[in-house]
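Shown here: model-v7.pdb, PDB, C-alpha atoms and all ligand atoms.
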```pdb
MODEL        1
ATOM      1  CA  MET A  20       0.000   0.000   0.000  1.00  0.00           C
ATOM      2  CA  GLU A  21       1.283   3.416  -1.019  1.00  0.00           C
ATOM      3  CA  ALA A  22       2.073   6.099   1.551  1.00  0.00           C
ATOM      4  CA  MET A  23      -0.967   8.203   2.407  1.00  0.00           C
ATOM      5  CA  HIS A  24      -1.108  11.953   1.865  1.00  0.00           C
ATOM      6  CA  PRO A  25      -1.289  13.791   5.229  1.00  0.00           C
ATOM      7  CA  ASP A  26      -4.582  15.461   4.230  1.00  0.00           C
ATOM      8  CA  VAL A  27      -6.211  12.100   3.546  1.00  0.00           C
ATOM      9  CA  ASP A  28      -8.145  10.451   6.352  1.00  0.00           C
ATOM     10  CA  ARG A  29      -8.298   6.996   4.811  1.00  0.00           C
ATOM     11  CA  VAL A  30      -7.917   5.189   1.502  1.00  0.00           C
ATOM     12  CA  LEU A  31     -11.203   3.979  -0.012  1.00  0.00           C
ATOM     13  CA  PHE A  32      -9.838   2.349  -3.157  1.00  0.00           C
ATOM     14  CA  SER A  33      -6.187   1.468  -3.539  1.00  0.00           C
ATOM     15  CA  LYS A  34      -4.179   1.562  -6.742  1.00  0.00           C
ATOM     16  CA  GLU A  35      -4.669  -2.192  -6.987  1.00  0.00           C
ATOM     17  CA  ASP A  36      -8.448  -1.992  -6.411  1.00  0.00           C
ATOM     18  CA  ILE A  37      -8.643   0.627  -9.151  1.00  0.00           C
ATOM     19  CA  ALA A  38      -6.595  -1.441 -11.609  1.00  0.00           C
ATOM     20  CA  ASP A  39      -8.957  -4.404 -11.115  1.00  0.00           C
ATOM     21  CA  MET A  40     -12.071  -2.305 -11.639  1.00  0.00           C
ATOM     22  CA  VAL A  41     -10.718  -0.591 -14.745  1.00  0.00           C
ATOM     23  CA  LYS A  42      -9.652  -3.916 -16.219  1.00  0.00           C
ATOM     24  CA  ARG A  43     -13.152  -5.323 -15.701  1.00  0.00           C
ATOM     25  CA  MET A  44     -14.817  -2.260 -17.213  1.00  0.00           C
ATOM     26  CA  GLY A  45     -12.454  -2.283 -20.199  1.00  0.00           C
ATOM     27  CA  ALA A  46     -13.160  -5.951 -20.900  1.00  0.00           C
ATOM     28  CA  GLN A  47     -16.916  -5.395 -20.831  1.00  0.00           C
ATOM     29  CA  ILE A  48     -16.705  -2.311 -23.059  1.00  0.00           C
ATOM     30  CA  SER A  49     -14.435  -4.178 -25.528  1.00  0.00           C
ATOM     31  CA  LYS A  50     -17.073  -6.880 -25.808  1.00  0.00           C
ATOM     32  CA  ASP A  51     -20.033  -4.520 -26.141  1.00  0.00           C
ATOM     33  CA  TYR A  52     -18.433  -2.237 -28.722  1.00  0.00           C
ATOM     34  CA  GLU A  53     -16.843  -4.810 -30.985  1.00  0.00           C
ATOM     35  CA  GLY A  54     -17.509  -3.805 -34.612  1.00  0.00           C
ATOM     36  CA  LYS A  55     -18.894  -0.422 -33.550  1.00  0.00           C
ATOM     37  CA  ASP A  56     -17.587   3.088 -34.066  1.00  0.00           C
ATOM     38  CA  LEU A  57     -16.612   3.877 -30.494  1.00  0.00           C
ATOM     39  CA  VAL A  58     -15.795   7.405 -29.379  1.00  0.00           C
ATOM     40  CA  LEU A  59     -14.730   7.996 -25.791  1.00  0.00           C
ATOM     41  CA  ILE A  60     -15.466  11.475 -24.519  1.00  0.00           C
ATOM     42  CA  ALA A  61     -13.773  12.388 -21.290  1.00  0.00           C
ATOM     43  CA  VAL A  62     -14.963  15.256 -19.179  1.00  0.00           C
ATOM     44  CA  LEU A  63     -12.098  17.525 -18.197  1.00  0.00           C
ATOM     45  CA  ARG A  64     -10.477  17.725 -15.872  1.00  0.00           C
ATOM     46  CA  GLY A  65     -11.419  15.044 -13.371  1.00  0.00           C
ATOM     47  CA  ALA A  66     -11.830  12.225 -15.880  1.00  0.00           C
ATOM     48  CA  VAL A  67      -8.364  12.410 -17.439  1.00  0.00           C
ATOM     49  CA  VAL A  68      -6.750   9.853 -15.163  1.00  0.00           C
ATOM     50  CA  PHE A  69      -9.558   7.323 -15.571  1.00  0.00           C
ATOM     51  CA  MET A  70      -9.657   8.013 -19.332  1.00  0.00           C
ATOM     52  CA  GLY A  71      -5.958   7.256 -19.668  1.00  0.00           C
ATOM     53  CA  ASP A  72      -6.357   3.944 -17.900  1.00  0.00           C
ATOM     54  CA  LEU A  73      -9.705   2.939 -19.398  1.00  0.00           C
ATOM     55  CA  MET A  74      -8.726   3.510 -23.022  1.00  0.00           C
ATOM     56  CA  ARG A  75      -5.732   1.222 -22.575  1.00  0.00           C
ATOM     57  CA  ALA A  76      -7.989  -1.462 -21.090  1.00  0.00           C
ATOM     58  CA  ILE A  77     -10.185  -1.464 -24.225  1.00  0.00           C
ATOM     59  CA  ASP A  78      -8.931  -3.502 -27.156  1.00  0.00           C
ATOM     60  CA  CYS A  79     -11.318  -2.474 -29.938  1.00  0.00           C
ATOM     61  CA  PRO A  80     -10.661   0.515 -32.236  1.00  0.00           C
ATOM     62  CA  LEU A  81     -11.716   3.828 -30.733  1.00  0.00           C
ATOM     63  CA  ALA A  82     -11.361   7.572 -30.990  1.00  0.00           C
ATOM     64  CA  ILE A  83     -11.052   9.973 -28.081  1.00  0.00           C
ATOM     65  CA  ASP A  84     -12.119  13.533 -27.521  1.00  0.00           C
ATOM     66  CA  PHE A  85     -12.544  15.871 -24.589  1.00  0.00           C
ATOM     67  CA  MET A  86     -15.073  18.308 -23.272  1.00  0.00           C
ATOM     68  CA  ALA A  87     -14.472  20.731 -20.475  1.00  0.00           C
ATOM     69  CA  VAL A  88     -17.503  21.287 -18.336  1.00  0.00           C
ATOM     70  CA  SER A  89     -17.363  22.762 -14.913  1.00  0.00           C
ATOM     71  CA  SER A  90     -20.019  22.882 -12.247  1.00  0.00           C
ATOM     72  CA  TYR A  91     -18.059  22.976  -9.009  1.00  0.00           C
ATOM     73  CA  GLY A  92     -15.458  25.656  -9.547  1.00  0.00           C
ATOM     74  CA  ASP A  93     -13.026  25.862  -6.668  1.00  0.00           C
ATOM     75  CA  GLY A  94     -15.418  25.158  -3.848  1.00  0.00           C
ATOM     76  CA  ALA A  95     -16.672  21.949  -2.297  1.00  0.00           C
ATOM     77  CA  LYS A  96     -20.298  22.699  -3.173  1.00  0.00           C
ATOM     78  CA  SER A  97     -21.869  22.675  -6.601  1.00  0.00           C
ATOM     79  CA  SER A  98     -22.771  26.076  -7.988  1.00  0.00           C
ATOM     80  CA  GLY A  99     -25.684  24.383  -9.755  1.00  0.00           C
ATOM     81  CA  ILE A 100     -24.557  25.844 -13.057  1.00  0.00           C
ATOM     82  CA  VAL A 101     -22.936  23.740 -15.768  1.00  0.00           C
ATOM     83  CA  ARG A 102     -20.839  25.588 -18.286  1.00  0.00           C
ATOM     84  CA  ILE A 103     -18.967  24.385 -21.374  1.00  0.00           C
ATOM     85  CA  VAL A 104     -15.382  25.520 -21.300  1.00  0.00           C
ATOM     86  CA  LYS A 105     -14.227  23.449 -24.256  1.00  0.00           C
ATOM     87  CA  ASP A 106     -16.362  21.732 -26.867  1.00  0.00           C
ATOM     88  CA  LEU A 107     -15.605  18.599 -28.908  1.00  0.00           C
ATOM     89  CA  ASP A 108     -13.281  18.791 -31.891  1.00  0.00           C
ATOM     90  CA  ILE A 109     -14.853  15.839 -33.703  1.00  0.00           C
ATOM     91  CA  ASP A 110     -18.305  15.170 -35.125  1.00  0.00           C
ATOM     92  CA  ILE A 111     -20.135  12.436 -33.210  1.00  0.00           C
ATOM     93  CA  LYS A 112     -23.116  12.111 -35.553  1.00  0.00           C
ATOM     94  CA  GLY A 113     -23.867   8.423 -36.187  1.00  0.00           C
ATOM     95  CA  ARG A 114     -21.078   7.238 -33.883  1.00  0.00           C
ATOM     96  CA  ASP A 115     -21.177   5.191 -30.680  1.00  0.00           C
ATOM     97  CA  VAL A 116     -20.396   7.616 -27.923  1.00  0.00           C
ATOM     98  CA  LEU A 117     -19.334   6.695 -24.421  1.00  0.00           C
ATOM     99  CA  ILE A 118     -18.962   9.518 -21.931  1.00  0.00           C
ATOM    100  CA  VAL A 119     -16.131   8.873 -19.486  1.00  0.00           C
ATOM    101  CA  GLU A 120     -16.500  10.431 -16.030  1.00  0.00           C
ATOM    102  CA  ASP A 121     -14.579  10.131 -12.782  1.00  0.00           C
ATOM    103  CA  ILE A 122     -17.617  10.529 -10.546  1.00  0.00           C
ATOM    104  CA  LEU A 123     -21.387  10.731 -10.725  1.00  0.00           C
ATOM    105  CA  ASP A 124     -22.507  12.814  -7.769  1.00  0.00           C
ATOM    106  CA  SER A 125     -25.640  14.979  -8.139  1.00  0.00           C
ATOM    107  CA  GLY A 126     -25.839  13.976 -11.808  1.00  0.00           C
ATOM    108  CA  LEU A 127     -26.011  17.605 -12.899  1.00  0.00           C
ATOM    109  CA  THR A 128     -22.939  17.392 -15.127  1.00  0.00           C
ATOM    110  CA  LEU A 129     -23.994  14.179 -16.853  1.00  0.00           C
ATOM    111  CA  LYS A 130     -27.594  15.252 -17.233  1.00  0.00           C
ATOM    112  CA  TYR A 131     -26.428  18.332 -19.070  1.00  0.00           C
ATOM    113  CA  LEU A 132     -23.942  16.386 -21.198  1.00  0.00           C
ATOM    114  CA  MET A 133     -26.417  13.660 -22.159  1.00  0.00           C
ATOM    115  CA  LYS A 134     -28.859  16.287 -23.336  1.00  0.00           C
ATOM    116  CA  ASN A 135     -26.226  18.300 -25.143  1.00  0.00           C
ATOM    117  CA  LEU A 136     -24.565  15.319 -26.861  1.00  0.00           C
ATOM    118  CA  SER A 137     -27.795  13.548 -27.815  1.00  0.00           C
ATOM    119  CA  SER A 138     -28.831  16.645 -29.775  1.00  0.00           C
ATOM    120  CA  ARG A 139     -25.859  15.904 -32.075  1.00  0.00           C
ATOM    121  CA  HIS A 140     -27.450  12.566 -33.060  1.00  0.00           C
ATOM    122  CA  PRO A 141     -24.899   9.912 -32.096  1.00  0.00           C
ATOM    123  CA  ALA A 142     -25.847   6.304 -33.001  1.00  0.00           C
ATOM    124  CA  SER A 143     -25.706   5.510 -29.276  1.00  0.00           C
ATOM    125  CA  LEU A 144     -24.864   7.403 -26.106  1.00  0.00           C
ATOM    126  CA  GLU A 145     -23.832   5.772 -22.835  1.00  0.00           C
ATOM    127  CA  VAL A 146     -21.944   6.654 -19.664  1.00  0.00           C
ATOM    128  CA  ALA A 147     -18.952   5.019 -17.990  1.00  0.00           C
ATOM    129  CA  THR A 148     -18.311   6.449 -14.552  1.00  0.00           C
ATOM    130  CA  PHE A 149     -15.561   5.302 -12.276  1.00  0.00           C
ATOM    131  CA  LEU A 150     -17.353   6.300  -9.066  1.00  0.00           C
ATOM    132  CA  TRP A 151     -21.036   6.592  -8.284  1.00  0.00           C
ATOM    133  CA  LYS A 152     -21.690   8.404  -5.034  1.00  0.00           C
ATOM    134  CA  ASP A 153     -24.459   6.969  -2.893  1.00  0.00           C
ATOM    135  CA  VAL A 154     -26.432   9.673  -1.172  1.00  0.00           C
ATOM    136  CA  GLU A 155     -29.306   8.664   1.062  1.00  0.00           C
ATOM    137  CA  GLY A 156     -32.687   9.541  -0.338  1.00  0.00           C
ATOM    138  CA  ARG A 157     -31.257  10.639  -3.660  1.00  0.00           C
ATOM    139  CA  THR A 158     -32.170   9.244  -7.053  1.00  0.00           C
ATOM    140  CA  THR A 159     -30.398  10.464 -10.174  1.00  0.00           C
ATOM    141  CA  ALA A 160     -31.917  10.708 -13.625  1.00  0.00           C
ATOM    142  CA  ILE A 161     -28.712   9.191 -14.997  1.00  0.00           C
ATOM    143  CA  ASP A 162     -28.314   5.456 -15.439  1.00  0.00           C
ATOM    144  CA  PRO A 163     -24.654   4.782 -16.258  1.00  0.00           C
ATOM    145  CA  LYS A 164     -24.061   1.606 -18.277  1.00  0.00           C
ATOM    146  CA  TYR A 165     -20.609   1.060 -16.759  1.00  0.00           C
ATOM    147  CA  VAL A 166     -19.741   1.761 -13.123  1.00  0.00           C
ATOM    148  CA  GLY A 167     -16.401   1.101 -11.463  1.00  0.00           C
ATOM    149  CA  THR A 168     -17.767   1.171  -7.945  1.00  0.00           C
ATOM    150  CA  HIS A 169     -20.197   2.934  -5.672  1.00  0.00           C
ATOM    151  CA  CYS A 170     -18.687   5.237  -3.084  1.00  0.00           C
ATOM    152  CA  PRO A 171     -19.955   6.645   0.193  1.00  0.00           C
ATOM    153  CA  ASP A 172     -21.223  10.205   0.590  1.00  0.00           C
ATOM    154  CA  GLU A 173     -17.906  11.685   1.676  1.00  0.00           C
ATOM    155  CA  PHE A 174     -15.409  14.141   0.220  1.00  0.00           C
ATOM    156  CA  VAL A 175     -13.339  11.904  -2.021  1.00  0.00           C
ATOM    157  CA  VAL A 176     -10.124  12.947  -3.759  1.00  0.00           C
ATOM    158  CA  GLY A 177      -7.455  11.330  -5.890  1.00  0.00           C
ATOM    159  CA  TYR A 178      -7.419   9.421  -9.179  1.00  0.00           C
ATOM    160  CA  GLY A 179      -8.385  12.645 -10.959  1.00  0.00           C
ATOM    161  CA  LEU A 180     -10.728  13.976  -8.280  1.00  0.00           C
ATOM    162  CA  ASP A 181      -9.752  17.294  -6.754  1.00  0.00           C
ATOM    163  CA  PHE A 182     -10.468  19.662  -3.962  1.00  0.00           C
ATOM    164  CA  ALA A 183      -9.608  23.201  -5.118  1.00  0.00           C
ATOM    165  CA  GLU A 184      -7.530  21.634  -7.938  1.00  0.00           C
ATOM    166  CA  ARG A 185      -5.367  19.631  -5.555  1.00  0.00           C
ATOM    167  CA  TYR A 186      -4.987  15.874  -4.988  1.00  0.00           C
ATOM    168  CA  ARG A 187      -5.820  14.837  -8.564  1.00  0.00           C
ATOM    169  CA  ASN A 188      -2.483  13.058  -8.829  1.00  0.00           C
ATOM    170  CA  LEU A 189      -2.988  10.715  -5.883  1.00  0.00           C
ATOM    171  CA  PRO A 190      -2.909   7.172  -7.302  1.00  0.00           C
ATOM    172  CA  TYR A 191      -5.693   6.042  -4.951  1.00  0.00           C
ATOM    173  CA  VAL A 192      -9.147   7.351  -3.995  1.00  0.00           C
ATOM    174  CA  GLY A 193      -9.194   8.674  -0.452  1.00  0.00           C
ATOM    175  CA  VAL A 194     -11.445  10.558   1.923  1.00  0.00           C
ATOM    176  CA  LEU A 195     -10.272  14.103   2.641  1.00  0.00           C
ATOM    177  CA  LYS A 196      -9.878  15.088   6.288  1.00  0.00           C
ATOM    178  CA  PRO A 197     -12.777  17.423   7.202  1.00  0.00           C
ATOM    179  CA  GLU A 198     -10.416  20.065   8.629  1.00  0.00           C
ATOM    180  CA  VAL A 199      -8.919  20.486   5.136  1.00  0.00           C
ATOM    181  CA  TYR A 200     -12.148  21.733   3.544  1.00  0.00           C
ATOM    182  CA  ALA A 201     -13.965  23.096   6.588  1.00  0.00           C
TER     183      ALA A 201
HETATM  184  C1  LIG A 301     -16.685  17.028 -10.765  1.00  0.00           C
HETATM  185  C2  LIG A 301     -16.492  15.612 -11.240  1.00  0.00           C
HETATM  186  C3  LIG A 301     -17.671  15.400 -12.167  1.00  0.00           C
HETATM  187  C4  LIG A 301     -18.756  16.223 -11.504  1.00  0.00           C
HETATM  188  C5  LIG A 301     -19.699  15.332 -10.748  1.00  0.00           C
HETATM  189  O1  LIG A 301     -16.222  17.908 -11.757  1.00  0.00           O
HETATM  190  O2  LIG A 301     -15.261  15.491 -11.954  1.00  0.00           O
HETATM  191  O3  LIG A 301     -17.397  15.886 -13.455  1.00  0.00           O
HETATM  192  O4  LIG A 301     -18.094  17.129 -10.594  1.00  0.00           O
HETATM  193  O5  LIG A 301     -20.636  16.080 -10.010  1.00  0.00           O
HETATM  194  P1  LIG A 301     -22.192  16.138 -10.348  1.00  0.00           P
HETATM  195  O6  LIG A 301     -22.673  14.735 -10.643  1.00  0.00           O
HETATM  196  O7  LIG A 301     -22.767  16.661  -9.073  1.00  0.00           O
HETATM  197  O8  LIG A 301     -22.381  17.057 -11.496  1.00  0.00           O
HETATM  198  P2  LIG A 301     -15.929  19.447 -11.472  1.00  0.00           P
HETATM  199  O9  LIG A 301     -17.086  20.249 -11.923  1.00  0.00           O
HETATM  200  O10 LIG A 301     -15.467  19.612 -10.063  1.00  0.00           O
HETATM  201  O11 LIG A 301     -14.738  19.798 -12.463  1.00  0.00           O
HETATM  202  P3  LIG A 301     -13.334  19.011 -12.560  1.00  0.00           P
HETATM  203  O12 LIG A 301     -13.622  17.736 -13.297  1.00  0.00           O
HETATM  204  O13 LIG A 301     -12.455  19.922 -13.337  1.00  0.00           O
HETATM  205  O14 LIG A 301     -12.845  18.767 -11.158  1.00  0.00           O
HETATM  206 MN    MN A 302     -15.394  16.735 -13.628  1.00  0.00          MN
HETATM  207 MG    MG A 303     -13.676  19.270  -9.344  1.00  0.00          MG
ENDMDL
END
```
Let's see the structure in the file written out as structure tokens.
Amino acid sequence: MEAMHPDVDRVLFSKEDIADMVKRMGAQISKDYEGKDLVLIAVLRGAVVFMGDLMRAIDCPLAIDFMAVSSYGDGAKSSGIVRIVKDLDIDIKGRDVLIVEDILDSGLTLKYLMKNLSSRHPASLEVATFLWKDVEGRTTAIDPKYVGTHCPDEFVVGYGLDFAERYRNLPYVGVLKPEVYA
């Protein structure tokens, strides 16, 4: 087990746990998209780490592109507003699009993206999220086809996930100490 960052209270998913989950997701996606025209769209910035791993775990031909959408800014709480910072470079019309996300929390980001991307008429549109946060009493309108793992309703960082742009480079997913964001 890797050394823990001093701001991290505990590790939820180790580097090894993550590798297993990504391998499983990649195998399933490879099977489902065989013979299709797969385009992976990662949502900057949080999804870059997962994207890098997931694309290498998929063995069918694929294209990649990126969108930058931000809803959280620098704070710990969602502003409730989704804005496009960078749009796609490629045309997804008639192609099999898979949105790659690090975490599905309120679902605001993905709800917006699903609506926005479906208006461009892809042949299919699905979601692969590494984490799906379980919040008591909450139901999301989003039903991701591929999920790495569910995670508890805590402030998680690492493996692409930040707090105020920090901790994205941690190779594991950990829970941030409350005194760090309080
Ligand atoms: C985070 C995370 C997801 C989104 C999930 O992104 O990476 O994209 O929030 O939250 P939601 O389901 O409540 O919309 P953020 O807006 O913080 O930008 P970042 O990826 O640059 O960190
Ligand atoms: Mn994000
Ligand atoms: Mg963020």
Counting all atoms listed in the file, what are the residues of chain A within 8 Å of ligand LIG 301 (chain A), and for each of them which pair of atoms is the nearest and at what distance in Å, to one decimal? Sort the table by chain and rising number, as JSON lines.
```
{"residue": "A:Val62", "atom": "CA", "partner": "A:LIG301", "partner_atom": "O3", "distance": 6.3}
{"residue": "A:Leu63", "atom": "CA", "partner": "A:LIG301", "partner_atom": "O12", "distance": 5.1}
{"residue": "A:Arg64", "atom": "CA", "partner": "A:LIG301", "partner_atom": "O13", "distance": 3.9}
{"residue": "A:Gly65", "atom": "CA", "partner": "A:LIG301", "partner_atom": "O12", "distance": 3.5}
{"residue": "A:Ala66", "atom": "CA", "partner": "A:LIG301", "partner_atom": "O2", "distance": 6.2}
{"residue": "A:Ala87", "atom": "CA", "partner": "A:LIG301", "partner_atom": "O13", "distance": 7.5}
{"residue": "A:Val88", "atom": "CA", "partner": "A:LIG301", "partner_atom": "O9", "distance": 6.5}
{"residue": "A:Ser89", "atom": "CA", "partner": "A:LIG301", "partner_atom": "O9", "distance": 3.9}
{"residue": "A:Ser90", "atom": "CA", "partner": "A:LIG301", "partner_atom": "O9", "distance": 4.0}
{"residue": "A:Tyr91", "atom": "CA", "partner": "A:LIG301", "partner_atom": "O9", "distance": 4.1}
{"residue": "A:Gly92", "atom": "CA", "partner": "A:LIG301", "partner_atom": "O10", "distance": 6.1}
{"residue": "A:Asp93", "atom": "CA", "partner": "A:LIG301", "partner_atom": "O10", "distance": 7.5}
{"residue": "A:Ser97", "atom": "CA", "partner": "A:LIG301", "partner_atom": "O7", "distance": 6.6}
{"residue": "A:Val101", "atom": "CA", "partner": "A:LIG301", "partner_atom": "O9", "distance": 7.8}
{"residue": "A:Glu120", "atom": "CA", "partner": "A:LIG301", "partner_atom": "O3", "distance": 6.1}
{"residue": "A:Asp121", "atom": "CA", "partner": "A:LIG301", "partner_atom": "O2", "distance": 5.5}
{"residue": "A:Ile122", "atom": "CA", "partner": "A:LIG301", "partner_atom": "C3", "distance": 5.1}
{"residue": "A:Leu123", "atom": "CA", "partner": "A:LIG301", "partner_atom": "O6", "distance": 4.2}
{"residue": "A:Asp124", "atom": "CA", "partner": "A:LIG301", "partner_atom": "O6", "distance": 3.5}
{"residue": "A:Ser125", "atom": "CA", "partner": "A:LIG301", "partner_atom": "O7", "distance": 3.5}
{"residue": "A:Gly126", "atom": "CA", "partner": "A:LIG301", "partner_atom": "O6", "distance": 3.5}
{"residue": "A:Leu127", "atom": "CA", "partner": "A:LIG301", "partner_atom": "O8", "distance": 3.9}
{"residue": "A:Thr128", "atom": "CA", "partner": "A:LIG301", "partner_atom": "O8", "distance": 3.7}
{"residue": "A:Leu129", "atom": "CA", "partner": "A:LIG301", "partner_atom": "O8", "distance": 6.3}
{"residue": "A:Lys130", "atom": "CA", "partner": "A:LIG301", "partner_atom": "O8", "distance": 8.0}
{"residue": "A:Gly179", "atom": "CA", "partner": "A:LIG301", "partner_atom": "O2", "distance": 7.5}
{"residue": "A:Leu180", "atom": "CA", "partner": "A:LIG301", "partner_atom": "O14", "distance": 6.0}
{"residue": "A:Asp181", "atom": "CA", "partner": "A:LIG301", "partner_atom": "O14", "distance": 5.6}
{"residue": "A:Phe182", "atom": "CA", "partner": "A:LIG301", "partner_atom": "O14", "distance": 7.6}
{"residue": "A:Glu184", "atom": "CA", "partner": "A:LIG301", "partner_atom": "O14", "distance": 6.8}
```
Which residue of A:Ile111, A:Met44, A:Leu195, A:Ala183 approaches ligand MG 303 (chain A) most closely, using all atoms listed in the file: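 Closest residue, counting all atoms listed in the file: A:Ala183.
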Residues matched by the PyMOL selection byres (((chain A and resi 193) around 6) and not hetatm), written as a list in words: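 Applying the expression gives Arg29, Val30, Leu31, Val175, Val176, Val192 and Val194 of chain A.
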His169 in chain A surroundings by only C-alpha atoms, 7 Å radius, close-in-sequence under 2 positions cut, as number ranges by chain: A: 150-153, 171
Output check: residues returned by the PyMOL selection byres (((chain A and resi 133) around 12) and not hetatm), as a PyMOL selection string: chain A and resi 60+62+116-119+126-132+134-141+143-146+160-163
Residue nearest Gly177 in chain A among A:Val27, A:Leu73, A:Ala61, A:Val41 (counting only C-alpha atoms):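 With only C-alpha atoms as the atom set, the closest residue is A:Val27.
One distance worth recording is that between CA of Ser49 in chain A and CA of Ala142 in chain A, which is 17.2 Å.
The interatomic distance for the pair CA of Gly167 in chain A and CA of Lys34 in chain A works out to 13.1 Å.
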Evaluate the PyMOL selection byres (((chain A and resi 47) around 12) and not hetatm) and report residues as number ranges by chain: A: 40-46, 48-53, 73, 76-79, 147, 164-167
